[in-house]
Amino acid sequence: MALAAALFANPAEAQKVQSQRAAPLTLAEELALKPKDSFKECDACPEMIVVPAGSFTMGSSASEPQHLGSEGPQHRVNFAHPFAVGKFSVTFAEWDACVADGGCNGYRPNDHGWGRERRPVINVSWEDAKTYLAWLSRKTGKTHRLLSESEREYVTRAGTTTPYWTGATISKQQAKHVGDGTLPVDSLQPNPWGLYHVHGNVYEWVEDCWNASYRGAPTDGSAWTAGDCGRRVLRGGSWFDIPENLRSADRIADTAGLRAYNIGFRLARSLLTP
């Protein structure tokens with residue numbers, strides 16, 4: 001009790017202690033979190049970063065180069081509360097820890113010869129991702145989930161309005177694309193909110209069902225769970241893709257059971273707020 005009170009009174013110290021002990025956040029620690037704080041809730045758990053509440057314009061305008069009709073109409077989305085997002089795509093090491101602990105249906109994805117450990121896990125379907133989320137939620141006692149599509153674009157943009165968070169263009173020094181395989185998740189540079197590889201490296205599954213436009217889309221940051229739910233949205237582009245497919249607004253979808261060597265996923269977690 002005394003430690004929890006002290007941590008609540010000193011958010012910086014709460015963050016320091018939390019990062020050292022890699023245990024589920026206490027109520028005091030969770031309430032003390034601020035945007036850009038990071039935490040891990042078990043040794044094998046993904047590192048999470050807190051992103052701020054706020055709003056943004058989702059989608060792209062017809063004037064953006066390579067704009068697609070599915071990226072409109074543009075609309076404002078509001079996030080009433082901060083939430084936590086994986087600093088990186090889920091890695092092979094994190095997935096393999098799930099398998100070793102009896103989770104993830106014992107499925108061990110092929111790494112395509114590029115290596116495991118800090119490489120993003122690939123050859124995992126949307127359905128596979130759900131098995132990992134269930135295991136991690138049981139392990140930590142905290143509910144982990146996939147990002148909604150609007151959350152994924154919001155954290156990709158990180159306050160920017162350009163086609164990429166890097167500006168009007170993106171280079172191979174800024175994102176892995178038009179290449180020959182994945183990079184470790186902690187390579188290259190993070191975006192302004194501290195997230196790595198929001199463009200390129202691997203596509204990431206999000207929660208949403210596919211809809212061919214944003215007409216009728218949620219505006220509160222929640223996932224769109226109506227539409228073609230046999231197909232789920234993918235965001236971010238991959239090592240295989242050309243730059244236009246890495247744009248912040250770009251969106252595609254595929255069947256929920258698809259496993260491919262350029263697809264992975266990233267986690268989100270809702271947070272308690274004062």
# chains A, B, ... in the order shown; residues from 1 in each chain; ligands from 1

$ residues_around --residues "A:Ile170" --least-positions-apart "4" --cutoff "9 Å" --atoms "only C-alpha atoms" --output "PyMOL selection string"
chain A and resi 164-166+174-175+199+243+246-247

$ select_by_dssp --residues "stretch 18-210 of chain A" --states "strand (DSSP E or B)" --output "JSON, numbers by chain"
{"A": [38, 39, 48, 49, 50, 51, 54, 55, 56, 57, 58, 75, 76, 77, 78, 79, 83, 84, 85, 86, 91, 120, 145, 146, 164, 167, 203, 204, 205, 206, 207, 208, 209, 210]}

$ write_last_selection --atoms "C-alpha atoms" --output "PDB file, in the first residue's frame"
ATOM      1  CA  SER A  38       6.056   2.949 -21.691  1.00  0.00           C
ATOM      2  CA  PHE A  39       5.501  -0.230 -19.707  1.00  0.00           C
ATOM      3  CA  MET A  48       3.472  -0.676 -24.661  1.00  0.00           C
ATOM      4  CA  ILE A  49       3.443   3.109 -25.166  1.00  0.00           C
ATOM      5  CA  VAL A  50       0.709   5.475 -24.013  1.00  0.00           C
ATOM      6  CA  VAL A  51      -0.760   7.638 -26.780  1.00  0.00           C
ATOM      7  CA  GLY A  54      -7.348  13.707 -29.154  1.00  0.00           C
ATOM      8  CA  SER A  55      -8.919  13.823 -32.587  1.00  0.00           C
ATOM      9  CA  PHE A  56      -7.798  13.645 -36.195  1.00  0.00           C
ATOM     10  CA  THR A  57      -9.107  13.586 -39.747  1.00  0.00           C
ATOM     11  CA  MET A  58      -9.184  10.012 -40.968  1.00  0.00           C
ATOM     12  CA  HIS A  75     -14.140  12.337 -41.325  1.00  0.00           C
ATOM     13  CA  ARG A  76     -13.156  13.430 -37.830  1.00  0.00           C
ATOM     14  CA  VAL A  77     -12.545  10.736 -35.227  1.00  0.00           C
ATOM     15  CA  ASN A  78     -12.337  11.564 -31.531  1.00  0.00           C
ATOM     16  CA  PHE A  79     -10.464   9.596 -28.870  1.00  0.00           C
ATOM     17  CA  PHE A  83      -4.780   4.231 -24.663  1.00  0.00           C
ATOM     18  CA  ALA A  84      -1.710   2.005 -24.916  1.00  0.00           C
ATOM     19  CA  VAL A  85      -0.256   0.627 -28.144  1.00  0.00           C
ATOM     20  CA  GLY A  86       2.563  -1.800 -28.827  1.00  0.00           C
ATOM     21  CA  THR A  91       7.855 -10.306 -32.327  1.00  0.00           C
ATOM     22  CA  PRO A 120       8.143  -9.271 -36.358  1.00  0.00           C
ATOM     23  CA  ARG A 145      -6.838  -6.380 -28.153  1.00  0.00           C
ATOM     24  CA  LEU A 146      -6.095  -5.457 -31.724  1.00  0.00           C
ATOM     25  CA  TYR A 164       3.442   9.646 -44.260  1.00  0.00           C
ATOM     26  CA  GLY A 167       6.177  14.058 -44.822  1.00  0.00           C
ATOM     27  CA  TYR A 203       1.207  -5.249 -42.631  1.00  0.00           C
ATOM     28  CA  GLU A 204      -0.710  -5.340 -39.354  1.00  0.00           C
ATOM     29  CA  TRP A 205      -4.150  -6.788 -38.733  1.00  0.00           C
ATOM     30  CA  VAL A 206      -6.680  -4.523 -37.053  1.00  0.00           C
ATOM     31  CA  GLU A 207     -10.025  -5.450 -35.516  1.00  0.00           C
ATOM     32  CA  ASP A 208     -12.340  -3.962 -38.147  1.00  0.00           C
ATOM     33  CA  CYS A 209     -14.478  -5.715 -40.727  1.00  0.00           C
ATOM     34  CA  TRP A 210     -13.970  -4.522 -44.287  1.00  0.00           C
TER      35      TRP A 210
END

$ atom_distance --atom1 "atom CA of A:Pro65" --atom2 "atom CA of A:His197"
21.6 Å

$ select_by_dssp --residues "stretch 35-172 of chain A" --states "helix (DSSP H, G or I)" --output "PDB file with N, CA and C atoms, in the first residue's frame"
ATOM      1  N   GLY A  69     -10.509   5.455 -53.553  1.00  0.00           N
ATOM      2  CA  GLY A  69     -11.867   5.761 -53.111  1.00  0.00           C
ATOM      3  C   GLY A  69     -12.215   5.181 -51.756  1.00  0.00           C
ATOM      4  N   SER A  70     -11.589   4.076 -51.403  1.00  0.00           N
ATOM      5  CA  SER A  70     -11.865   3.449 -50.109  1.00  0.00           C
ATOM      6  C   SER A  70     -11.331   4.269 -48.936  1.00  0.00           C
ATOM      7  N   GLU A  71     -10.534   5.300 -49.224  1.00  0.00           N
ATOM      8  CA  GLU A  71      -9.952   6.139 -48.164  1.00  0.00           C
ATOM      9  C   GLU A  71     -10.825   7.341 -47.835  1.00  0.00           C
ATOM     10  N   PHE A  92       8.638 -12.489 -32.977  1.00  0.00           N
ATOM     11  CA  PHE A  92       8.711 -13.951 -32.888  1.00  0.00           C
ATOM     12  C   PHE A  92       8.993 -14.386 -31.455  1.00  0.00           C
ATOM     13  N   ALA A  93       9.884 -13.668 -30.752  1.00  0.00           N
ATOM     14  CA  ALA A  93      10.202 -14.046 -29.372  1.00  0.00           C
ATOM     15  C   ALA A  93       8.955 -14.006 -28.498  1.00  0.00           C
ATOM     16  N   GLU A  94       8.124 -12.989 -28.695  1.00  0.00           N
ATOM     17  CA  GLU A  94       6.901 -12.854 -27.900  1.00  0.00           C
ATOM     18  C   GLU A  94       5.898 -13.939 -28.274  1.00  0.00           C
ATOM     19  N   TRP A  95       5.769 -14.214 -29.560  1.00  0.00           N
ATOM     20  CA  TRP A  95       4.872 -15.295 -29.990  1.00  0.00           C
ATOM     21  C   TRP A  95       5.359 -16.644 -29.457  1.00  0.00           C
ATOM     22  N   ASP A  96       6.653 -16.904 -29.589  1.00  0.00           N
ATOM     23  CA  ASP A  96       7.196 -18.189 -29.147  1.00  0.00           C
ATOM     24  C   ASP A  96       7.038 -18.381 -27.644  1.00  0.00           C
ATOM     25  N   ALA A  97       7.054 -17.283 -26.885  1.00  0.00           N
ATOM     26  CA  ALA A  97       6.805 -17.375 -25.436  1.00  0.00           C
ATOM     27  C   ALA A  97       5.381 -17.841 -25.173  1.00  0.00           C
ATOM     28  N   CYS A  98       4.455 -17.391 -25.994  1.00  0.00           N
ATOM     29  CA  CYS A  98       3.061 -17.834 -25.881  1.00  0.00           C
ATOM     30  C   CYS A  98       2.971 -19.336 -26.122  1.00  0.00           C
ATOM     31  N   VAL A  99       3.616 -19.811 -27.182  1.00  0.00           N
ATOM     32  CA  VAL A  99       3.597 -21.242 -27.506  1.00  0.00           C
ATOM     33  C   VAL A  99       4.236 -22.053 -26.381  1.00  0.00           C
ATOM     34  N   ALA A 100       5.369 -21.573 -25.872  1.00  0.00           N
ATOM     35  CA  ALA A 100       6.069 -22.287 -24.802  1.00  0.00           C
ATOM     36  C   ALA A 100       5.238 -22.374 -23.528  1.00  0.00           C
ATOM     37  N   CYS A 104      -1.551 -19.974 -27.868  1.00  0.00           N
ATOM     38  CA  CYS A 104      -1.460 -19.782 -29.327  1.00  0.00           C
ATOM     39  C   CYS A 104      -1.696 -21.071 -30.108  1.00  0.00           C
ATOM     40  N   ASN A 105      -2.469 -21.982 -29.509  1.00  0.00           N
ATOM     41  CA  ASN A 105      -2.807 -23.257 -30.143  1.00  0.00           C
ATOM     42  C   ASN A 105      -1.568 -24.057 -30.541  1.00  0.00           C
ATOM     43  N   GLY A 106      -0.435 -23.758 -29.899  1.00  0.00           N
ATOM     44  CA  GLY A 106       0.792 -24.480 -30.208  1.00  0.00           C
ATOM     45  C   GLY A 106       1.350 -24.204 -31.595  1.00  0.00           C
ATOM     46  N   TRP A 126      -5.445 -13.224 -38.789  1.00  0.00           N
ATOM     47  CA  TRP A 126      -6.237 -12.448 -37.828  1.00  0.00           C
ATOM     48  C   TRP A 126      -6.724 -13.377 -36.727  1.00  0.00           C
ATOM     49  N   GLU A 127      -7.144 -14.564 -37.109  1.00  0.00           N
ATOM     50  CA  GLU A 127      -7.608 -15.543 -36.120  1.00  0.00           C
ATOM     51  C   GLU A 127      -6.472 -15.981 -35.201  1.00  0.00           C
ATOM     52  N   ASP A 128      -5.272 -16.161 -35.754  1.00  0.00           N
ATOM     53  CA  ASP A 128      -4.114 -16.497 -34.921  1.00  0.00           C
ATOM     54  C   ASP A 128      -3.832 -15.388 -33.914  1.00  0.00           C
ATOM     55  N   ALA A 129      -3.885 -14.141 -34.381  1.00  0.00           N
ATOM     56  CA  ALA A 129      -3.626 -13.006 -33.500  1.00  0.00           C
ATOM     57  C   ALA A 129      -4.558 -13.026 -32.296  1.00  0.00           C
ATOM     58  N   LYS A 130      -5.788 -13.446 -32.526  1.00  0.00           N
ATOM     59  CA  LYS A 130      -6.761 -13.507 -31.430  1.00  0.00           C
ATOM     60  C   LYS A 130      -6.344 -14.533 -30.370  1.00  0.00           C
ATOM     61  N   THR A 131      -5.695 -15.614 -30.784  1.00  0.00           N
ATOM     62  CA  THR A 131      -5.253 -16.599 -29.799  1.00  0.00           C
ATOM     63  C   THR A 131      -4.133 -16.028 -28.937  1.00  0.00           C
ATOM     64  N   TYR A 132      -3.267 -15.221 -29.533  1.00  0.00           N
ATOM     65  CA  TYR A 132      -2.199 -14.579 -28.758  1.00  0.00           C
ATOM     66  C   TYR A 132      -2.792 -13.588 -27.766  1.00  0.00           C
ATOM     67  N   LEU A 133      -3.752 -12.798 -28.214  1.00  0.00           N
ATOM     68  CA  LEU A 133      -4.389 -11.811 -27.340  1.00  0.00           C
ATOM     69  C   LEU A 133      -5.068 -12.487 -26.151  1.00  0.00           C
ATOM     70  N   ALA A 134      -5.707 -13.614 -26.411  1.00  0.00           N
ATOM     71  CA  ALA A 134      -6.370 -14.337 -25.319  1.00  0.00           C
ATOM     72  C   ALA A 134      -5.349 -14.831 -24.304  1.00  0.00           C
ATOM     73  N   TRP A 135      -4.227 -15.365 -24.788  1.00  0.00           N
ATOM     74  CA  TRP A 135      -3.172 -15.832 -23.881  1.00  0.00           C
ATOM     75  C   TRP A 135      -2.598 -14.675 -23.059  1.00  0.00           C
ATOM     76  N   LEU A 136      -2.278 -13.578 -23.707  1.00  0.00           N
ATOM     77  CA  LEU A 136      -1.668 -12.453 -23.005  1.00  0.00           C
ATOM     78  C   LEU A 136      -2.630 -11.845 -21.989  1.00  0.00           C
ATOM     79  N   SER A 137      -3.900 -11.781 -22.335  1.00  0.00           N
ATOM     80  CA  SER A 137      -4.895 -11.250 -21.401  1.00  0.00           C
ATOM     81  C   SER A 137      -5.008 -12.132 -20.168  1.00  0.00           C
ATOM     82  N   ARG A 138      -4.961 -13.465 -20.363  1.00  0.00           N
ATOM     83  CA  ARG A 138      -4.994 -14.366 -19.206  1.00  0.00           C
ATOM     84  C   ARG A 138      -3.738 -14.210 -18.361  1.00  0.00           C
ATOM     85  N   LYS A 139      -2.605 -14.070 -19.011  1.00  0.00           N
ATOM     86  CA  LYS A 139      -1.325 -14.014 -18.303  1.00  0.00           C
ATOM     87  C   LYS A 139      -1.208 -12.765 -17.444  1.00  0.00           C
ATOM     88  N   THR A 140      -1.680 -11.634 -17.957  1.00  0.00           N
ATOM     89  CA  THR A 140      -1.515 -10.358 -17.261  1.00  0.00           C
ATOM     90  C   THR A 140      -2.724  -9.949 -16.437  1.00  0.00           C
ATOM     91  N   GLU A 149      -9.219   0.239 -36.670  1.00  0.00           N
ATOM     92  CA  GLU A 149      -8.603   0.844 -37.845  1.00  0.00           C
ATOM     93  C   GLU A 149      -8.328   2.325 -37.622  1.00  0.00           C
ATOM     94  N   SER A 150      -9.258   3.014 -36.974  1.00  0.00           N
ATOM     95  CA  SER A 150      -9.032   4.443 -36.727  1.00  0.00           C
ATOM     96  C   SER A 150      -7.895   4.663 -35.739  1.00  0.00           C
ATOM     97  N   GLU A 151      -7.770   3.801 -34.730  1.00  0.00           N
ATOM     98  CA  GLU A 151      -6.630   3.899 -33.819  1.00  0.00           C
ATOM     99  C   GLU A 151      -5.324   3.718 -34.575  1.00  0.00           C
ATOM    100  N   ARG A 152      -5.306   2.757 -35.492  1.00  0.00           N
ATOM    101  CA  ARG A 152      -4.066   2.479 -36.242  1.00  0.00           C
ATOM    102  C   ARG A 152      -3.657   3.685 -37.087  1.00  0.00           C
ATOM    103  N   GLU A 153      -4.597   4.330 -37.736  1.00  0.00           N
ATOM    104  CA  GLU A 153      -4.232   5.512 -38.523  1.00  0.00           C
ATOM    105  C   GLU A 153      -3.844   6.678 -37.619  1.00  0.00           C
ATOM    106  N   TYR A 154      -4.543   6.826 -36.512  1.00  0.00           N
ATOM    107  CA  TYR A 154      -4.247   7.903 -35.549  1.00  0.00           C
ATOM    108  C   TYR A 154      -2.821   7.786 -35.022  1.00  0.00           C
ATOM    109  N   VAL A 155      -2.407   6.581 -34.612  1.00  0.00           N
ATOM    110  CA  VAL A 155      -1.058   6.425 -34.057  1.00  0.00           C
ATOM    111  C   VAL A 155       0.003   6.447 -35.143  1.00  0.00           C
ATOM    112  N   THR A 156      -0.363   6.094 -36.363  1.00  0.00           N
ATOM    113  CA  THR A 156       0.575   6.197 -37.481  1.00  0.00           C
ATOM    114  C   THR A 156       0.880   7.653 -37.779  1.00  0.00           C
ATOM    115  N   ARG A 157      -0.157   8.452 -37.874  1.00  0.00           N
ATOM    116  CA  ARG A 157       0.013   9.875 -38.182  1.00  0.00           C
ATOM    117  C   ARG A 157       0.713  10.611 -37.040  1.00  0.00           C
TER     118      ARG A 157
END

$ closest_residue --among "A:Val90, A:Leu234, A:Cys229, A:Ile242" --to "A:Gly179" --atoms "only C-alpha atoms"
A:Ile242

$ atom_distance --atom1 "atom CA of A:Arg119" --atom2 "atom CA of A:Gly59"
29.3 Å

$ residues_around --residues "A:Pro163" --least-positions-apart "4" --cutoff "8 Å" --atoms "only C-alpha atoms" --output "VMD selection string"
chain A and resid 64 167 to 169 247 to 249

$ closest_residue --among "A:Leu68, A:Ala253, A:Leu267, A:Ala23" --to "A:Cys42" --atoms "only C-alpha atoms"
A:Ala23

$ atom_distance --atom1 "atom CA of A:Ala158" --atom2 "atom CA of A:Ser213"
22.7 Å

$ closest_residue --among "A:Ala212, A:Gly221, A:Thr161, A:Arg118" --to "A:Ser270" --atoms "only C-alpha atoms"
A:Gly221
